[in-house]
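K.L.:
To start, I am sharing the structure in question, which I have written as structure tokens.
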Protein chains: 2
Amino acid sequence: MTGRLRIRRPDDWHLHVRQGDLLRQVLPLTTAHFARALVMPNTVPPVLNAEAATAYAAELRAVAGDRDFLPLMTIQVTPATTAATVGAAVDAGVVAGKLYPEGVTTGADVGGVRNVEALWPTFGAMADHGMVLCVHGELPSASVLAREEAFLPVLERIARAFPSLRIVLEHVSTAAAVAAVRALPNVGATVTAHHLRLTIDDVLSDRGLQPHHFCKPVAKTAADRAALVEAATGGDPSFFFGSDSAPHPHARKESAAAPAGVFTAPVALAVLAEIFEEVEALDRLEAFVAEHGADHYGVERNQGFVELRREAWTVPERYGDVVPLAAGQSLAWHVADDADLA
Amino acid sequence: MTGRLRIRRPDDWHLHVRQGDLLRQVLPLTTAHFARALVMPNTVPPVLNAEAATAYAAELRAVAGDRDFLPLMTIQVTPATTAATVGAAVDAGVVAGKLYPEGVTTGADVGGVRNVEALWPTFGAMADHGMVLCVHGELPSASVLAREEAFLPVLERIARAFPSLRIVLEHVSTAAAVAAVRALPNVGATVTAHHLRLTIDDVLSDRGLQPHHFCKPVAKTAADRAALVEAATGGDPSFFFGSDSAPHPHARKESAAAPAGVFTAPVALAVLAEIFEEVEALDRLEAFVAEHGADHYGVERNQGFVELRREAWTVPERYGDVVPLAAGQSLAWHVADDADLA
């Protein structure tokens, strides 16, 4: 195995970076590896319109400093999101609107949506303005392990009703979702690093319940993971990388009620390289992390490159007070940083 | 609804009370409600023979003090358990031998069993001596949610090979296990209070991951729970109460790797009364908690009574440093204690 892999600078098409201190702590770990990231709107309060998105983007750029990094902004789609909201947001550079079914994820209790067809006019405006619809695809009324599959008929209804609307089914976690995405021409999907690595047995583990592996959608079975690996590594342009990296202070995770979210920003590329190598698809890693997403969103692919090196390193137990995926474990690949390249 | 229910003093046919300080903390919560409890052998080190069982029983009796309480002792069945071990244990009053498939639960890494047929001579000796075989029925090689069902063919093989061996499938968690127990004449099953109350959605919860709801076997689907409720409340003498109450200090539960176990000793009867009342089977509660188990084990039913009162109370957030099931929640029934009855 040769030791180096040079790929186009990647994008993260699904990122949580929070605000304030936590933002300052985690954003540099993304800007070190990624040229752009689609930043989720579930802040407190949520990003609901052009004004809030513009203010958040300014905060992100201030924290990113002189790194070559472009935050791509989103608004949350709620029953209050009008065609005018959409138009103004797109004019302000907002790329996507995020739909959370009610009650399924952080922030989804604010403006979550029960009756998706009430949003038909909004979706129409999004299609007209070229705003991408990002969907957290879980039906809250179903059991936690069945929610994604139960949502797929809703996804199909939206996709068929708005064939010119570009849709992204976020953080797919099941073989059923992979099949649905393949069948719908205007739907793409993000795949996270942790859903490619974990199954439900890594959450409900023999080593004890693992809050740092708990996310929504929950990691599923080995067969589901195999379908995700095939989707991510198989070259299908409908599938691209979105980390869903979601930092929570370790004290909140190691508690009687651990919030959902896996923190992967600093390890995602290394984890992906290991997975792609395992299935002998390292030559397709670049397309997954740096091409398919840009193409689906209709933006230019990035200039510049990052270099991955096949040199084992041990993932830190914590970055600040956040525990990353694979904490304390050895990973075979790492991203060459500025010092390596100097 | 009338407010009082007087029932024969119950037994807990599956209990963990640990040792030392924790034992002193939790055992009185069992002796306050239960006349007898089958005490699991997965201490550190495990209870493997008559001598260890006798010593542990003495420790339990010393802690129980002058409460009217009888600990029923078990040994762990391992590849080193000979016919002589079984005979000596039965002579010392040991009631049951507990089989842990390797790697599935606390203590199972010590003397767990992979090749169950290597134990045929031991099972024969248990049948001959009238020692009950208690089985943690999960096949470790299966995925965590499929392990119990995957174990059922092993259970059936043992039960059919030793028709005179009395077997208990412990803490059943699936509809499939309920059906298997119904079909095997020499197999009974314990049902816990928490498996009657929780599903996997209470572990992987919308309110955050719940370590205090994490146990092995993991709570399953709503359909599985419904089958357990039907088994427990339907009058079938194959099903009886075993709490599997398993205390862990809250700091270990609220950690990056929470051990499996739900602490239910002080709330189990109240939880059961609520569940039996919901399905209009309060008249069958006594049989489930005080008759079926004794009959399966071939011991006398208890003398004396406990009284349950339909008066709401709020479960404490902690007993000592252990968080109970339903902590901070209101329960409709409570067990009248000595003070109430005075």
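Naming works like this for the structure tokens: A, B, ... for the chains as they're shown, residue 1 at the start of each chain, ligands 1 onward in shown order.
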Compute the set of chain B residues within 6 Å of chain A, using only C-alpha atoms, and express it as a ChimeraX atom specification.
P.N.:
/B:144,201,208-210,254-259
K.L.:
Go ahead and write the residues just picked, N, CA, C and O atoms, as an mmCIF file, in the first residue's frame.
P.N.:
data_model
loop_
_atom_site.group_PDB
_atom_site.id
_atom_site.type_symbol
_atom_site.label_atom_id
_atom_site.label_comp_id
_atom_site.auth_asym_id
_atom_site.auth_seq_id
_atom_site.Cartn_x
_atom_site.Cartn_y
_atom_site.Cartn_z
ATOM 1 N N VAL B 144 -27.208 -7.474 18.755
ATOM 2 C CA VAL B 144 -27.762 -7.286 20.097
ATOM 3 C C VAL B 144 -29.290 -7.404 20.115
ATOM 4 O O VAL B 144 -29.859 -7.938 21.072
ATOM 5 N N ASP B 201 -37.425 2.266 22.357
ATOM 6 C CA ASP B 201 -37.593 3.719 22.229
ATOM 7 C C ASP B 201 -37.397 4.451 23.554
ATOM 8 O O ASP B 201 -37.229 5.674 23.560
ATOM 9 N N GLY B 208 -33.150 11.875 24.777
ATOM 10 C CA GLY B 208 -31.737 11.568 24.932
ATOM 11 C C GLY B 208 -31.544 10.103 25.276
ATOM 12 O O GLY B 208 -32.454 9.431 25.756
ATOM 13 N N LEU B 209 -30.350 9.617 25.005
ATOM 14 C CA LEU B 209 -30.021 8.219 25.321
ATOM 15 C C LEU B 209 -30.133 8.008 26.833
ATOM 16 O O LEU B 209 -29.613 8.801 27.609
ATOM 17 N N GLN B 210 -30.798 6.919 27.243
ATOM 18 C CA GLN B 210 -31.129 6.724 28.657
ATOM 19 C C GLN B 210 -30.342 5.549 29.248
ATOM 20 O O GLN B 210 -30.805 4.393 29.189
ATOM 21 N N GLU B 254 -23.826 6.967 34.194
ATOM 22 C CA GLU B 254 -23.786 8.219 33.430
ATOM 23 C C GLU B 254 -22.342 8.464 33.023
ATOM 24 O O GLU B 254 -21.655 9.338 33.549
ATOM 25 N N SER B 255 -21.898 7.640 32.070
ATOM 26 C CA SER B 255 -20.487 7.639 31.681
ATOM 27 C C SER B 255 -20.380 7.339 30.194
ATOM 28 O O SER B 255 -21.390 7.163 29.513
ATOM 29 N N ALA B 256 -19.157 7.249 29.710
ATOM 30 C CA ALA B 256 -18.934 6.958 28.290
ATOM 31 C C ALA B 256 -19.203 5.497 27.949
ATOM 32 O O ALA B 256 -19.240 5.141 26.774
ATOM 33 N N ALA B 257 -19.400 4.655 28.957
ATOM 34 C CA ALA B 257 -19.674 3.230 28.714
ATOM 35 C C ALA B 257 -20.512 2.723 29.880
ATOM 36 O O ALA B 257 -19.980 2.236 30.876
ATOM 37 N N ALA B 258 -21.820 2.843 29.759
ATOM 38 C CA ALA B 258 -22.725 2.532 30.864
ATOM 39 C C ALA B 258 -22.954 1.035 30.958
ATOM 40 O O ALA B 258 -23.370 0.408 29.983
ATOM 41 N N PRO B 259 -22.730 0.425 32.122
ATOM 42 C CA PRO B 259 -23.004 -1.002 32.262
ATOM 43 C C PRO B 259 -24.501 -1.280 32.165
ATOM 44 O O PRO B 259 -25.338 -0.425 32.460
#
K.L.:
Would you kindly return, as a compact mmCIF listing (two decimals) with C-alpha atoms, in the first residue's frame, each protein, DNA or RNA residue with an atom no farther than 8 Å from any atom of stretch 272-277 of chain B, considering only C-alpha atoms and excluding same-chain residues fewer than 4 positions away?
P.N.:
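Saved result, selection.txt, follows:
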# COMPACT_ATOMS: atom_id res chain seq x y z
CA ALA B 193 -40.88 -5.08 35.60
CA LEU B 196 -43.04 -4.86 30.87
CA ARG B 197 -42.69 -1.07 30.94
CA VAL B 229 -47.61 -8.19 29.17
CA THR B 233 -50.91 -10.99 33.12
CA ALA B 268 -41.08 -3.20 40.88
CA ALA B 281 -55.72 -8.17 35.50
CA LEU B 282 -55.01 -7.04 39.06
CA ARG B 284 -53.71 -12.15 38.57
CA LEU B 285 -50.88 -10.12 40.09
CA LEU B 331 -46.55 5.82 40.25
CA ALA B 332 -50.20 5.07 41.03
CA TRP B 333 -49.58 2.21 43.48
K.L.:
Could you pull out all residues of stretch 2-200 of chain B with a DSSP call of alpha helix (DSSP H) and give them as a PyMOL selection string?
P.N.:
chain B and resi 20-31+50-64+83-91+120-129+147-161+175-183+193-197
K.L.:
DSSP on the backbone: which residues in stretch 173-278 of chain A end up as strand (DSSP E)? Give the answer as a list in words.
P.N.:
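Reading the DSSP output for stretch 173-278 of chain A, strand (DSSP E) covers Val187, Gly188, Ala189, Thr190, Val191, Leu204, Ser205, Gly208, Leu209, Phe239, Phe240 and Phe241 of chain A.
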K.L.:
Could those residues be written to a file, using N, CA and C atoms, as a compact mmCIF listing (two decimals), in the first residue's frame?
P.N.:
# COMPACT_ATOMS: atom_id res chain seq x y z
N VAL A 187 -33.30 13.28 -6.07
CA VAL A 187 -32.91 13.13 -4.67
C VAL A 187 -31.50 12.58 -4.57
N GLY A 188 -30.67 13.29 -3.81
CA GLY A 188 -29.36 12.78 -3.42
C GLY A 188 -29.38 12.49 -1.93
N ALA A 189 -28.25 12.04 -1.42
CA ALA A 189 -28.19 11.73 0.01
C ALA A 189 -26.80 11.98 0.55
N THR A 190 -26.76 12.54 1.76
CA THR A 190 -25.50 12.55 2.47
C THR A 190 -25.34 11.24 3.23
N VAL A 191 -24.08 10.83 3.34
CA VAL A 191 -23.72 9.65 4.15
C VAL A 191 -22.64 10.13 5.12
N LEU A 204 -25.56 -0.01 21.65
CA LEU A 204 -25.98 -0.93 22.73
C LEU A 204 -24.88 -1.98 22.87
N SER A 205 -23.73 -1.54 23.30
CA SER A 205 -22.52 -2.34 23.13
C SER A 205 -22.28 -3.29 24.30
N GLY A 208 -20.68 -1.73 27.17
CA GLY A 208 -21.51 -0.73 27.85
C GLY A 208 -22.16 0.18 26.82
N LEU A 209 -23.24 0.81 27.26
CA LEU A 209 -23.97 1.74 26.39
C LEU A 209 -23.04 2.91 26.03
N PHE A 239 -24.80 9.91 -4.00
CA PHE A 239 -24.35 9.81 -2.61
C PHE A 239 -23.07 10.60 -2.41
N PHE A 240 -23.07 11.42 -1.38
CA PHE A 240 -21.89 12.25 -1.10
C PHE A 240 -21.76 12.48 0.39
N PHE A 241 -20.59 13.00 0.75
CA PHE A 241 -20.27 13.09 2.16
C PHE A 241 -20.92 14.29 2.85
K.L.:
Would you compute the distance between atom CA of B:Pro46 and atom CA of B:Lys98? Give it in Å to one decimal.
P.N.:
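It comes out at 10.9 Å.
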